[in-house]
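Visitor: Could you have a look at this structure, given as structure tokens, before my questions?
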Amino acid sequence: MISAFKHLMDLYPQLELSAILLKRPKKDRFQPVVLSMQDIIALLQVTKNLKHRFIIAMLYSCGLRIEELLQMKVDAIDLNRRQVLVKNGKGRKDRYVSIASSMEPLCINNMQTYQPKNYVIESMQATTYSSSSVRSFLKKSCKNAGIIKKVTPHTLRHSYATHMLENGVGLRHIQELLGHSKPETTMLYTHIARKDLLQITNPLDVAVEQIVNGKKAPNLSLS
């Protein structure tokens, strides 16, 4: 709206509107929901349907957007090179992402069981799978796994990026794997990665350890 007003002021300077009074609101900064690695494993374990388990594993292990997976053709997965070709990603860009070696049996099982003709994930009519169906079974799997966080397919992508950063992968590599055009977008995950934070000793733990070791903890109060 502010941009529209400023454009109007350029076209009609006789309106004598003051650009100084037009202040843009600050953009809300929401931290994305991230699952732990234990949550991911639990999610896969409780998902008994093969196709559903394959979808969850692909979204997480490759850091894919939901539409990137649903639009993926059968020839996009190269198990010999352990990589996946993501075509026409956001910004109409193609990219390669690595696929976990532990995904190979699941990929082969999925292909042999469903024998997709066009897309890696297909409906019963050999058309693209519905994103609403993915969100529906993901919600049920989270409930069965005891995960109370609000989880969407994009949560698996956020979790992938955060875990990569915590495992020491550089931001530049993560940016390429996620298909981000700007490094600032990838830097979001530096605020939620716990790699450095986990190395900080909590002062309460220090105080409790001093008591356990027979040392006096200064000004300790848990009331």
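Ligands are numbered from 1 in the order shown, chains are lettered A, B, ... in the order of the structure tokens, and residues start at 1 in each chain.
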Do you know which residues are at most 12 Å from Ser101 in chain A counting only C-alpha atoms, after dropping those on the same chain fewer than 3 positions away, and could you put them as a VMD selection string?
Guide: chain A and resid 57 to 58 61 to 62 78 to 83 98 104 to 108
Visitor: Taking the DSSP assignment computed from this structure's backbone, write out as a PyMOL selection string all residues of chain A that belong to alpha helix (DSSP H).
Guide: chain A and resi 2-11+37-46+50-62+66-70+104-114+131-144+153-166+171-178+183-186+203-212
Visitor: Identify which of the residues A:Met37, A:Leu165, A:Val86, A:Leu138 lies closest to Glu67 in chain A, counting only C-alpha atoms when measuring atom-to-atom distances.
Guide: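 Comparing A:Met37, A:Leu165, A:Val86, A:Leu138 against Glu67 in chain A, the winner is A:Val86.
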Visitor: List every residue of range 35-176 of chain A that DSSP, applied to the backbone of this structure, assigns to strand (DSSP E or B), and report them as a short mmCIF file (atom, residue, chain, number, x, y, z; two decimals) with C-alpha atoms, in the first residue's frame.
Guide:
data_model
loop_
_atom_site.label_atom_id
_atom_site.label_comp_id
_atom_site.auth_asym_id
_atom_site.auth_seq_id
_atom_site.Cartn_x
_atom_site.Cartn_y
_atom_site.Cartn_z
CA LYS A 73 9.77 -37.29 -12.92
CA ILE A 77 16.60 -40.06 -9.18
CA ASP A 78 20.08 -41.45 -9.92
CA GLN A 83 21.75 -37.60 -6.42
CA VAL A 84 18.39 -36.18 -7.44
CA LEU A 85 17.73 -33.67 -10.20
CA VAL A 86 15.26 -31.01 -9.09
CA ARG A 95 19.67 -28.08 -9.18
CA TYR A 96 21.14 -31.37 -8.00
CA VAL A 97 20.78 -32.54 -4.41
CA SER A 98 22.39 -35.52 -2.75
CA TYR A 119 6.10 -39.03 -11.72
CA GLU A 122 1.70 -40.69 -8.56
CA THR A 128 0.50 -35.87 -9.82
#
Visitor: Work out how far CA of Lys90 in chain A is from CA of Asp75 in chain A, in Å to one decimal.
Guide: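 About the pair CA of Asp75 in chain A and CA of Lys90 in chain A: they are 20.0 Å apart.
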Visitor: Give me the residues near Ala145 in chain A as a PyMOL selection string, where near means some atom within 7 Å (using only C-alpha atoms) and where sequence neighbours in that chain fewer than 5 positions away do not count.
Guide: chain A and resi 42-43+46
Visitor: Nearest to Ser136 in chain A: which of A:Pro153, A:Asp205, A:Ile41, A:His158 is it, counting only C-alpha atoms?
Guide: A:Pro153
Visitor: Using Å and a single decimal, report how far CA of Asn49 in chain A sits from CA of Glu68 in chain A.
Guide: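 Separation of CA of Glu68 in chain A and CA of Asn49 in chain A: 21.1 Å.
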Visitor: Would you mind listing what lies within 8 Å of Ile121 in chain A as a list of chain:residue names, with only C-alpha atoms counted and same-chain residues fewer than 2 positions away left out?
Guide: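 So, after excluding close chain neighbours, the residues are A:Lys51, A:Ile55, A:Leu69, A:Leu70, A:Met72, A:Pro116, A:Tyr119, A:Ser123, A:Thr128, A:Tyr129.
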Visitor: May I have the residues within 8 Å of Leu35 in chain A as a JSON list (two decimals) with C-alpha atoms, in the first residue's frame, using only C-alpha atoms and disregarding those fewer than 6 positions away in the same chain?
Guide:
[["chain", "number", "residue", "atom", "x", "y", "z"],
["A", 155, "THR", "CA", 8.97, -28.29, 8.31],
["A", 156, "LEU", "CA", 10.94, -31.26, 7.00],
["A", 159, "SER", "CA", 14.75, -29.51, 9.70]]
Visitor: Which one of A:Asn213, A:Gly170, A:Ile66, A:Gln115 sits closest to Thr152 in chain A if you count only C-alpha atoms?
Guide: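 So, comparing all the options, the nearest one is A:Ile66.
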Visitor: Name the closest residue to Tyr114 in chain A among the candidates A:Val212, A:His173, A:Lys6, A:Val74; distances are taken between atoms, counting only C-alpha atoms.
Guide: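 Ranked by minimum distance to Tyr114 in chain A, first place goes to A:Val74.
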Visitor: For Arg53 in chain A, work out the shell of residues within 7 Å, counting only C-alpha atoms and skipping chain neighbours fewer than 5 positions away, then give it as a PyMOL selection string.
Guide: chain A and resi 44+47-48
Visitor: Can you write out the residues you just picked, keeping C-alpha atoms, as a PDB file, in the first residue's frame?
Guide:
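Written out: part_22.pdb:
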ATOM      1  CA  LEU A  44       9.316 -42.635   9.683  1.00  0.00           C
ATOM      2  CA  THR A  47       4.339 -44.267   8.992  1.00  0.00           C
ATOM      3  CA  LYS A  48       3.470 -47.773   7.809  1.00  0.00           C
TER       4      LYS A  48
END
Visitor: Between A:Ala161, A:Ser131, A:Gln125, A:Leu171, which residue has the minimum interatomic distance to Pro183 in chain A, considering only C-alpha atoms?
Guide: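 Closest to Pro183 in chain A of all the choices is A:Leu171.
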Visitor: Using Å and a single decimal, report how far CA of Tyr160 in chain A sits from CA of Glu176 in chain A.
Guide: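 That distance, rounded to one decimal, is 13.3 Å.
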